file upload23.cif (mmCIF, C-alpha atoms and all ligand atoms)
data_query
loop_
_atom_site.label_atom_id
_atom_site.label_comp_id
_atom_site.auth_asym_id
_atom_site.auth_seq_id
_atom_site.Cartn_x
_atom_site.Cartn_y
_atom_site.Cartn_z
CA MET A 19 -13.29 5.34 -3.05
CA ASN A 20 -9.66 4.63 -3.87
CA ILE A 21 -7.96 4.29 -0.49
CA ASN A 22 -4.47 4.64 -1.97
CA GLU A 23 -5.36 7.99 -3.56
CA CYS A 24 -6.94 9.13 -0.32
CA PHE A 25 -3.88 8.30 1.79
CA LEU A 26 -1.39 9.62 -0.77
CA SER A 27 -3.15 12.92 -1.06
CA LEU A 28 -3.85 13.55 2.62
CA SER A 29 -0.29 12.58 3.53
CA ARG A 30 1.03 15.53 1.51
CA SER A 31 -0.43 17.81 4.18
CA LEU A 32 2.20 16.37 6.57
CA ASP A 33 5.03 17.43 4.27
CA PHE A 34 4.76 21.19 4.48
CA SER A 35 7.79 22.87 5.93
CA ARG A 36 9.41 26.24 5.97
CA HIS A 37 10.91 25.37 2.61
CA GLY A 38 7.64 24.52 0.89
CA LEU A 39 6.18 21.16 0.14
CA MET A 40 8.58 18.28 0.76
CA ARG A 41 7.99 14.76 -0.46
CA HIS A 42 9.25 12.86 2.55
CA HIS A 43 6.18 10.70 3.11
CA HIS A 44 5.66 9.63 -0.51
CA ARG A 45 9.32 8.83 -0.93
CA THR A 46 9.56 6.92 2.34
CA ALA A 47 6.48 4.93 1.36
CA LEU A 48 8.00 4.12 -2.03
CA ILE A 49 11.24 2.86 -0.50
CA ALA A 50 9.38 0.97 2.24
CA VAL A 51 7.02 -0.83 -0.13
CA LYS A 52 9.93 -1.81 -2.38
CA ILE A 53 11.82 -3.28 0.57
CA GLY A 54 8.63 -4.97 1.76
CA ARG A 55 8.15 -6.58 -1.64
CA ALA A 56 11.77 -7.73 -1.76
CA ALA A 57 11.34 -9.19 1.74
CA GLY A 58 8.40 -11.23 0.44
CA LEU A 59 5.61 -9.66 2.49
CA PRO A 60 2.12 -10.85 1.53
CA GLU A 61 -0.24 -8.39 -0.19
CA ASP A 62 -2.24 -7.47 2.91
CA GLU A 63 0.94 -6.65 4.82
CA ILE A 64 2.25 -4.62 1.88
CA PHE A 65 -0.93 -2.60 1.98
CA GLU A 66 -0.58 -2.05 5.73
CA LEU A 67 3.07 -1.07 5.25
CA PHE A 68 2.03 1.44 2.60
CA GLN A 69 -0.66 2.98 4.82
CA ALA A 70 1.63 3.28 7.83
CA SER A 71 4.64 4.60 5.91
CA VAL A 72 2.72 7.26 4.03
CA ILE A 73 1.58 8.84 7.31
CA HIS A 74 4.37 7.62 9.62
CA ASP A 75 5.23 11.09 11.00
CA ILE A 76 1.62 12.08 11.74
CA GLY A 77 2.64 12.73 15.37
CA ILE A 78 4.92 15.65 14.48
CA ILE A 79 3.43 18.96 15.57
CA SER A 80 6.00 21.64 14.80
CA TRP A 81 8.29 22.36 11.89
CA GLN A 82 11.15 22.48 14.34
CA GLU A 83 10.52 18.83 15.21
CA LYS A 84 10.44 18.05 11.50
CA THR A 85 13.77 19.78 10.98
CA GLU A 86 15.37 17.91 13.90
CA LEU A 87 14.26 14.59 12.44
CA GLY A 88 16.00 15.54 9.20
CA THR A 89 19.32 14.69 10.85
CA PHE A 90 20.46 11.10 10.37
CA GLU A 91 21.45 10.40 13.94
CA ILE A 92 19.06 11.69 16.60
CA ASP A 93 19.39 11.07 20.32
CA ALA A 94 15.74 10.51 21.15
CA PRO A 95 13.42 10.51 18.14
CA TRP A 96 10.48 8.82 19.84
CA GLN A 97 8.26 11.66 21.04
CA HIS A 98 6.38 11.97 17.75
CA CYS A 99 6.12 8.17 17.54
CA ARG A 100 4.22 8.10 20.84
CA ARG A 101 1.99 11.01 19.77
CA GLY A 102 1.24 9.32 16.45
CA TYR A 103 0.52 6.07 18.26
CA GLU A 104 -1.98 7.77 20.55
CA LEU A 105 -3.74 9.45 17.64
CA MET A 106 -4.08 6.12 15.84
CA CYS A 107 -5.17 4.16 18.91
CA HIS A 108 -8.34 6.21 19.18
CA ASN A 109 -9.22 5.66 15.56
CA VAL A 110 -11.38 2.60 14.93
CA SER A 111 -10.52 2.26 11.22
CA LEU A 112 -6.79 2.85 11.59
CA GLN A 113 -5.83 1.52 15.02
CA HIS A 114 -4.18 -1.55 13.47
CA LEU A 115 -1.44 0.83 12.29
CA ALA A 116 -0.73 2.19 15.80
CA PRO A 117 1.97 -0.34 16.85
CA ILE A 118 3.78 0.18 13.54
CA ILE A 119 3.81 3.96 14.01
CA LEU A 120 4.95 3.60 17.65
CA SER A 121 8.08 1.67 16.71
CA HIS A 122 9.11 3.35 13.46
CA HIS A 123 12.31 4.72 15.06
CA ASP A 124 12.98 1.69 17.29
CA ARG A 125 16.57 0.51 17.13
CA TRP A 126 17.32 -3.09 16.35
CA SER A 127 19.71 -3.38 19.29
CA GLY A 128 17.11 -2.18 21.83
CA GLY A 129 16.96 0.60 24.42
CA ASN A 130 13.67 1.78 22.93
CA PRO A 131 10.82 3.32 24.99
CA SER A 132 8.53 0.64 23.53
CA GLY A 133 10.66 -1.97 25.33
CA LEU A 134 11.03 -3.88 22.05
CA ALA A 135 14.20 -5.06 20.33
CA GLN A 136 15.23 -7.10 17.31
CA ASP A 137 12.53 -9.47 15.97
CA HIS A 138 10.02 -8.18 18.51
CA ILE A 139 9.86 -4.84 16.72
CA PRO A 140 7.10 -5.11 14.09
CA LEU A 141 8.67 -5.87 10.70
CA ALA A 142 6.77 -2.98 9.09
CA SER A 143 8.31 -0.59 11.65
CA ARG A 144 11.81 -1.93 10.95
CA ILE A 145 11.25 -1.38 7.22
CA ILE A 146 9.86 2.15 7.68
CA HIS A 147 12.78 3.05 9.96
CA LEU A 148 15.27 2.04 7.27
CA ALA A 149 13.28 3.66 4.42
CA ASP A 150 12.86 6.88 6.42
CA ARG A 151 16.60 7.17 7.09
CA ILE A 152 17.46 6.49 3.42
CA GLU A 153 15.17 9.37 2.44
CA ILE A 154 16.81 11.62 5.02
CA LEU A 155 20.28 10.86 3.66
CA LEU A 156 19.48 12.02 0.13
CA VAL A 157 21.15 15.26 -0.84
CA LYS A 158 21.07 17.16 -4.11
CA THR A 159 23.80 15.99 -6.47
CA PRO A 160 23.87 15.97 -10.27
CA SER A 161 22.76 12.34 -10.15
CA ILE A 162 21.36 10.42 -7.25
CA LEU A 163 23.43 7.48 -8.44
CA ASP A 164 26.53 9.34 -7.24
CA GLN A 165 25.21 9.00 -3.70
CA ARG A 166 24.51 5.30 -3.73
CA GLY A 167 27.91 4.22 -2.42
CA LEU A 168 27.99 6.71 0.44
CA ILE A 169 24.43 6.05 1.56
CA MET A 170 24.94 2.30 1.57
CA LYS A 171 28.19 2.67 3.51
CA ARG A 172 26.44 4.75 6.15
CA LEU A 173 23.54 2.32 6.49
CA ARG A 174 25.82 -0.71 6.59
CA GLY A 175 27.62 0.83 9.55
CA PHE A 176 24.37 0.77 11.50
CA GLY A 177 23.27 -2.74 10.52
CA GLY A 178 22.64 -4.71 13.70
CA VAL A 179 22.61 -1.46 15.72
CA TYR A 180 19.83 0.74 14.31
CA PHE A 181 18.69 -1.51 11.52
CA ASP A 182 17.65 -5.11 11.08
CA PRO A 183 20.74 -6.76 9.49
CA ALA A 184 18.53 -8.98 7.32
CA LEU A 185 16.93 -5.87 5.80
CA ILE A 186 20.36 -4.38 5.09
CA THR A 187 21.25 -7.56 3.20
CA ILE A 188 18.06 -7.25 1.15
CA LEU A 189 18.81 -3.58 0.50
CA GLU A 190 22.36 -4.37 -0.70
CA GLU A 191 20.86 -6.43 -3.49
CA MET A 192 18.27 -3.77 -4.37
CA ALA A 193 20.87 -0.99 -4.36
CA TYR A 194 22.59 -2.41 -7.48
CA ASN A 195 19.51 -1.46 -9.44
CA ASP A 196 19.74 2.11 -10.78
CA SER A 197 15.98 2.48 -10.98
CA PHE A 198 15.65 1.88 -7.23
CA TRP A 199 17.41 5.22 -6.69
CA LEU A 200 16.00 7.04 -9.70
CA ASP A 201 12.42 6.20 -8.67
CA ILE A 202 12.91 7.81 -5.26
CA ILE A 203 13.57 11.27 -6.65
CA SER A 204 11.46 10.85 -9.75
CA PRO A 205 8.68 13.40 -10.43
CA TRP A 206 6.62 10.26 -11.17
CA GLU A 207 7.06 8.91 -7.64
CA LYS A 208 3.30 8.59 -7.26
CA GLU A 209 3.07 6.60 -10.49
CA CYS A 210 5.89 4.38 -9.20
CA LEU A 211 3.87 3.77 -6.05
CA ASP A 212 0.75 3.02 -8.06
CA LEU A 213 2.65 0.24 -9.79
CA ILE A 214 3.69 -1.53 -6.60
CA VAL A 215 0.96 -0.87 -4.05
CA PRO A 216 -1.99 -3.23 -4.43
CA PRO A 217 -5.00 -1.17 -5.55
CA TYR A 218 -7.54 -1.12 -2.81
CA ARG A 219 -10.92 0.25 -3.65
CA MET A 220 -13.90 0.10 -1.41
CA GLN A 221 -17.42 1.30 -1.40
CA MET A 222 -17.41 4.84 -0.09
CA GLU A 223 -18.06 4.18 3.56
CA THR A 224 -18.84 7.33 5.43
CA ASP A 225 -17.60 5.92 8.74
CA TYR A 226 -14.17 5.16 7.30
CA LEU A 227 -13.76 8.61 5.79
CA LEU A 228 -15.06 10.16 9.02
CA ASP A 229 -12.34 8.31 10.95
CA ILE A 230 -9.62 9.51 8.59
CA ALA A 231 -11.04 13.05 8.69
CA ASN A 232 -11.00 12.98 12.50
CA LEU A 233 -7.36 11.93 12.49
CA PHE A 234 -6.25 14.79 10.25
CA ALA A 235 -8.50 17.30 12.05
CA GLN A 236 -6.62 16.49 15.25
CA VAL A 237 -3.30 17.16 13.52
CA VAL A 238 -4.56 20.52 12.20
CA ASP A 239 -6.15 21.58 15.50
CA ALA A 240 -3.02 20.65 17.46
CA LYS A 241 -1.03 23.24 15.54
CA SER A 242 -2.13 26.07 17.80
CA SER A 243 -3.69 26.26 21.26
CA PHE A 244 -6.06 28.93 19.89
CA THR A 245 -7.61 26.41 17.50
CA TYR A 246 -7.43 23.22 19.55
CA ARG A 247 -11.09 22.44 18.77
CA HIS A 248 -11.61 24.54 15.64
CA SER A 249 -12.09 21.79 13.03
CA LYS A 250 -14.20 19.74 15.42
CA GLY A 251 -16.30 22.82 16.16
CA VAL A 252 -16.88 23.66 12.50
CA ALA A 253 -17.82 20.02 11.85
CA ALA A 254 -20.31 19.89 14.72
CA ILE A 255 -21.94 23.21 13.91
CA ALA A 256 -22.13 22.47 10.17
CA LYS A 257 -23.88 19.20 10.99
CA PHE A 258 -26.24 21.03 13.31
CA LEU A 259 -27.03 23.64 10.61
CA GLY A 260 -27.65 20.85 8.10
CA LYS A 261 -30.22 19.33 10.44
CA GLN A 262 -31.83 22.72 11.05
CA ILE A 263 -32.47 23.30 7.38
CA GLY A 264 -33.83 19.77 6.90
CA LEU A 265 -30.96 17.98 5.14
CA ASP A 266 -31.07 14.17 5.41
CA GLU A 267 -28.76 12.31 7.78
CA LYS A 268 -26.32 11.24 5.05
CA ASN A 269 -25.83 14.83 3.94
CA CYS A 270 -25.30 15.96 7.53
CA GLU A 271 -22.60 13.31 7.97
CA LEU A 272 -20.87 14.56 4.83
CA LEU A 273 -20.96 18.08 6.27
CA GLU A 274 -19.26 16.76 9.38
CA ILE A 275 -16.45 15.24 7.28
CA VAL A 276 -16.06 18.47 5.29
CA GLY A 277 -15.95 20.54 8.49
CA LEU A 278 -13.21 18.32 9.92
CA LEU A 279 -11.05 18.77 6.82
CA HIS A 280 -11.80 22.37 5.80
CA ASP A 281 -8.56 23.80 7.23
CA LEU A 282 -6.22 20.96 6.24
CA GLY A 283 -4.17 23.45 4.22
CA LYS A 284 -3.36 25.30 7.47
CA LEU A 285 -0.54 22.84 7.96
CA SER A 286 1.27 25.04 5.43
CA VAL A 287 1.08 28.12 7.68
CA PRO A 288 3.99 28.77 10.08
CA ASN A 289 3.10 28.80 13.78
CA GLU A 290 4.47 32.27 14.35
CA ILE A 291 1.80 33.55 11.95
CA LEU A 292 -1.01 31.50 13.49
CA GLU A 293 -0.05 32.73 16.93
CA LYS A 294 1.07 36.28 16.21
CA PRO A 295 -0.32 38.55 18.93
CA GLY A 296 -0.92 41.43 16.55
CA GLN A 297 -1.94 42.34 13.04
CA LEU A 298 -0.37 40.31 10.25
CA THR A 299 1.86 42.06 7.74
CA PRO A 300 0.61 41.90 4.12
CA SER A 301 3.14 39.18 3.39
CA GLU A 302 2.12 37.14 6.45
CA TYR A 303 -1.53 37.52 5.47
CA ASN A 304 -0.69 36.23 1.98
CA LEU A 305 0.85 33.10 3.50
CA MET A 306 -2.22 32.64 5.69
CA LYS A 307 -4.61 32.96 2.74
CA GLN A 308 -2.87 30.16 0.86
CA HIS A 309 -4.30 27.58 3.24
CA ALA A 310 -7.68 27.40 1.51
CA TYR A 311 -6.00 26.83 -1.84
CA TYR A 312 -3.97 23.95 -0.39
CA THR A 313 -7.08 22.48 1.20
CA TYR A 314 -8.60 22.29 -2.28
CA TRP A 315 -5.70 20.41 -3.86
CA LEU A 316 -5.13 18.12 -0.89
CA LEU A 317 -8.77 17.05 -0.91
CA LYS A 318 -9.45 16.95 -4.64
CA PRO A 319 -8.12 13.40 -5.21
CA VAL A 320 -9.64 11.97 -2.00
CA THR A 321 -13.11 11.16 -3.33
CA GLN A 322 -15.22 11.76 -6.42
CA THR A 323 -18.44 10.69 -4.73
CA PHE A 324 -19.26 14.18 -3.43
CA PRO A 325 -17.62 17.61 -3.85
CA LEU A 326 -15.49 17.36 -0.71
CA ALA A 327 -12.73 19.64 -2.03
CA GLU A 328 -15.12 22.40 -3.11
CA TRP A 329 -17.34 22.38 -0.03
CA ALA A 330 -14.27 22.44 2.21
CA SER A 331 -12.00 24.91 0.46
CA PHE A 332 -14.61 27.55 -0.38
CA HIS A 333 -15.06 28.52 3.27
CA HIS A 334 -13.34 31.89 2.77
CA GLU A 335 -15.24 32.64 -0.44
CA ARG A 336 -18.09 35.10 -0.09
CA PRO A 337 -21.38 35.36 -2.02
CA ASN A 338 -20.39 38.87 -3.15
CA GLY A 339 -17.26 37.46 -4.80
CA ARG A 340 -14.85 39.26 -2.45
CA GLY A 341 -13.57 36.16 -0.71
CA TYR A 342 -10.48 34.06 -1.45
CA PRO A 343 -8.70 32.23 -3.02
CA PHE A 344 -10.94 31.43 -6.01
CA GLY A 345 -13.21 34.48 -6.10
CA ARG A 346 -16.36 32.34 -6.43
CA LYS A 347 -19.64 34.16 -6.01
CA GLY A 348 -23.40 33.77 -5.78
CA GLU A 349 -24.71 30.54 -7.29
CA GLU A 350 -21.17 29.23 -7.72
CA LEU A 351 -21.23 28.56 -3.99
CA GLU A 352 -23.33 25.47 -3.29
CA PRO A 353 -25.53 25.43 -0.18
CA ASN A 354 -23.21 22.98 1.60
CA ALA A 355 -20.21 25.22 0.96
CA ARG A 356 -22.19 28.12 2.41
CA ILE A 357 -23.00 26.10 5.51
CA ILE A 358 -19.29 25.44 6.11
CA THR A 359 -18.60 29.17 5.65
CA ILE A 360 -21.16 30.18 8.26
CA ALA A 361 -20.00 27.49 10.68
CA ASP A 362 -16.38 28.60 10.22
CA ILE A 363 -17.22 32.24 10.89
CA VAL A 364 -19.21 31.56 14.03
CA VAL A 365 -16.61 29.16 15.44
CA ALA A 366 -13.79 31.64 14.74
CA LEU A 367 -15.70 34.39 16.56
CA ARG A 368 -16.33 32.09 19.53
CA GLU A 369 -12.64 31.31 19.75
CA GLU A 370 -9.96 33.37 21.35
CA ARG A 371 -7.29 34.70 19.03
CA PRO A 372 -3.78 35.88 19.93
CA TYR A 373 -4.86 39.46 19.21
CA ARG A 374 -8.39 39.41 20.77
CA SER A 375 -10.50 37.52 23.29
CA ASN A 376 -13.46 35.32 22.35
CA MET A 377 -16.65 37.19 21.52
CA SER A 378 -19.98 37.35 23.27
CA TRP A 379 -23.22 36.45 21.47
CA GLU A 380 -24.05 40.12 21.38
CA GLN A 381 -20.87 40.90 19.44
CA ILE A 382 -21.33 37.85 17.20
CA THR A 383 -24.91 38.86 16.36
CA LYS A 384 -23.77 42.30 15.33
CA ILE A 385 -20.97 41.00 13.14
CA MET A 386 -23.02 38.28 11.45
CA ASN A 387 -25.91 40.62 10.70
CA ASN A 388 -23.44 43.04 9.22
CA LEU A 389 -21.87 40.32 7.08
CA THR A 390 -25.25 39.40 5.58
CA VAL A 391 -25.52 42.97 4.33
CA VAL A 392 -21.93 43.59 3.28
CA GLU A 393 -20.80 40.19 2.02
CA GLY A 394 -24.15 38.62 1.19
CA LEU A 395 -24.09 35.76 3.71
CA ASP A 396 -27.33 33.71 3.66
CA LYS A 397 -29.89 35.28 5.95
CA ASP A 398 -31.60 31.93 6.63
CA LEU A 399 -28.39 30.27 7.73
CA VAL A 400 -27.38 33.22 9.88
CA SER A 401 -30.85 33.12 11.51
CA SER A 402 -30.42 29.40 12.18
CA ILE A 403 -27.30 30.31 14.13
CA LEU A 404 -28.70 33.30 15.98
CA ASP A 405 -31.98 31.54 16.87
CA ASN A 406 -30.17 28.62 18.43
CA LYS A 407 -27.56 30.17 20.67
CA LYS A 408 -28.27 27.84 23.59
CA ALA A 409 -28.01 24.71 21.46
CA LEU A 410 -24.75 25.98 19.97
CA ASP A 411 -23.36 26.78 23.42
CA TYR A 412 -24.17 23.24 24.41
CA ILE A 413 -22.39 21.76 21.36
CA TRP A 414 -19.43 24.06 21.90
CA SER A 415 -18.98 23.18 25.55
CA GLY A 416 -19.10 19.47 24.72
CA LEU A 417 -16.03 19.68 22.49
CA SER A 418 -12.86 18.70 24.28
FE FE B 1 9.55 9.63 12.23
FE FE B 2 9.92 10.52 8.65
FE FE B 3 -9.80 28.62 7.03
#

call {"tool": "encode", "arguments": {"input": "upload23.cif", "output": "structure tokens"}}
result
Amino acid sequence: MNINECFLSLSRSLDFSRHGLMRHHHRTALIAVKIGRAAGLPEDEIFELFQASVIHDIGIISWQEKTELGTFEIDAPWQHCRRGYELMCHNVSLQHLAPIILSHHDRWSGGNPSGLAQDHIPLASRIIHLADRIEILLVKTPSILDQRGLIMKRLRGFGGVYFDPALITILEEMAYNDSFWLDIISPWEKECLDLIVPPYRMQMETDYLLDIANLFAQVVDAKSSFTYRHSKGVAAIAKFLGKQIGLDEKNCELLEIVGLLHDLGKLSVPNEILEKPGQLTPSEYNLMKQHAYYTYWLLKPVTQTFPLAEWASFHHERPNGRGYPFGRKGEELEPNARIITIADIVVALREERPYRSNMSWEQITKIMNNLTVVEGLDKDLVSSILDNKKALDYIWSGLS
């Protein structure tokens, strides 16, 4: 598993906004790693800096918050830092990044909620803060090189106040180099990152991927109070179904990972659509449907060791070919993809929606039996659900 690819790809899910897919996290990471290299950080710290910078805003929940942070000077930018910190603290594989995330808007001169100032702020946080604000200052001009003078002037004015003055000095030197600026807006920004981030491959460790999947599932589920345990629920029920039909433990763990990530593309859907208390207009429904397509492309580069992207993103496909977005049918849908589909349906029916309350087992039984006839859902899998209502209730109630 190539950890860099995994982080780079998943981080794109954090860059959806009302205006489409932004590239804030990749660009910030590129600037941060360049500054880190110029500051002489050792390889292991460069890698840590890369990991933290490419997901630094993981604590942002709404697009409104994202828009507010797009202003250079913000009164109190720390709420998402605290949220990100808390998410990371509970994550065994990534908790070493928590203090960096917490302080990524800390000001050099102090007055920060973390209580830190100057050299006490982690160096990686100081670098990300500067890199993040450079990215925010970029505006569209015929050439980015036209902006260099103005951006540097602005940053210089905050040296010793917002930013570590030593980092500003390093940046002054780097700013002479045209390619420093051209790389930031380059369509090859990922290739630029590949050149400067130490490649870090590791044996595909399920626990590590499970930790990362849990982190992103929390971000997705936090988007709406109606789905606060949706990804976790699909993961738990898919794992349960896997056990029921006799899959080995390894396979069941993979199903859990897939369940956690199946709706990653939902970060592209505006909240007013997710929480609309009535029927969606055709155009709103079109936006909603896109999420499964995005899930596919966000997950495709993450691992080649098992078909994560396919199993996850086919959850709205149907055996009769009438699902979306790929129109797969019959044998084209592998058993594990079908398990995720069934788990997703049952969890959605158990959940309340803005336009209906949660359903009873009686209603769910009726709907699922009907879907086996109309859409061709697997009878065996549906039976595994309907024969185990008590066990599923137990799993469901255990999800916080
Ligand atoms: Fe931030
Ligand atoms: Fe940011
Ligand atoms: Fe979905």

call {"tool": "residues_around", "arguments": {"input": "upload23.cif", "residues": "Glu191 in chain A", "least_positions_apart": "6", "cutoff": "12 Å", "atoms": "only C-alpha atoms", "output": "list in words"}}
result
Lys52, Ile53, Ala56, Ala57, Met170, Ala184, Leu185 and Phe198 of chain A

call {"tool": "closest_residue", "arguments": {"input": "upload23.cif", "among": "A:Arg172, A:Lys84, A:Lys347, A:Arg144", "to": "ligand FE 2 (chain B)", "atoms": "all atoms listed in the file"}}
result
A:Lys84

call {"tool": "residues_around", "arguments": {"input": "upload23.cif", "residues": "Ser249 in chain A", "least_positions_apart": "5", "cutoff": "8 Å", "atoms": "all atoms listed in the file", "output": "PyMOL selection string"}}
result
chain A and resi 235-236+238-239+277-281

call {"tool": "residues_near_ligand", "arguments": {"input": "upload23.cif", "ligand": "ligand FE 1 (chain B)", "cutoff": "8 Å", "atoms": "all atoms listed in the file", "output": "count of residues only"}}
result
12

call {"tool": "residues_near_ligand", "arguments": {"input": "upload23.cif", "ligand": "ligand FE 3 (chain B)", "cutoff": "10 Å", "atoms": "only C-alpha atoms and all ligand atoms", "output": "ChimeraX atom specification"}}
result
/A:248-249,279-284,306-311,313,330-334,359,362-363,366

call {"tool": "atom_distance", "arguments": {"input": "upload23.cif", "atom1": "CA of His114 in chain A", "atom2": "CA of Ile146 in chain A"}}
result
15.6 Å

call {"tool": "closest_residue", "arguments": {"input": "upload23.cif", "among": "A:Glu153, A:Asp137, A:Asp405, A:Glu369", "to": "ligand FE 2 (chain B)", "atoms": "only C-alpha atoms and all ligand atoms"}}
result
A:Glu153

call {"tool": "closest_residue", "arguments": {"input": "upload23.cif", "among": "A:Phe181, A:Ala327, A:Glu66, A:Val72", "to": "ligand FE 2 (chain B)", "atoms": "all atoms listed in the file"}}
result
A:Val72

call {"tool": "closest_residue", "arguments": {"input": "upload23.cif", "among": "A:Ile357, A:Ala240, A:Leu148, A:Ile76", "to": "Val400 in chain A", "atoms": "all atoms listed in the file"}}
result
A:Ile357

call {"tool": "residues_around", "arguments": {"input": "upload23.cif", "residues": "Ala135 in chain A", "least_positions_apart": "3", "cutoff": "7 Å", "atoms": "all atoms listed in the file", "output": "short mmCIF file (atom, residue, chain, number, x, y, z; two decimals) with C-alpha atoms, in the frame of the given file"}}
result
data_model
loop_
_atom_site.label_atom_id
_atom_site.label_comp_id
_atom_site.auth_asym_id
_atom_site.auth_seq_id
_atom_site.Cartn_x
_atom_site.Cartn_y
_atom_site.Cartn_z
CA ARG A 125 16.57 0.51 17.13
CA TRP A 126 17.32 -3.09 16.35
CA SER A 127 19.71 -3.38 19.29
CA GLY A 128 17.11 -2.18 21.83
CA HIS A 138 10.02 -8.18 18.51
CA ILE A 139 9.86 -4.84 16.72
#

call {"tool": "closest_residue", "arguments": {"input": "upload23.cif", "among": "A:Arg55, A:Arg100, A:Lys268, A:Arg151", "to": "ligand FE 2 (chain B)", "atoms": "all atoms listed in the file"}}
result
A:Arg151

call {"tool": "atom_distance", "arguments": {"input": "upload23.cif", "atom1": "CA of Ile73 in chain A", "atom2": "CA of Phe324 in chain A"}}
result
24.0 Å
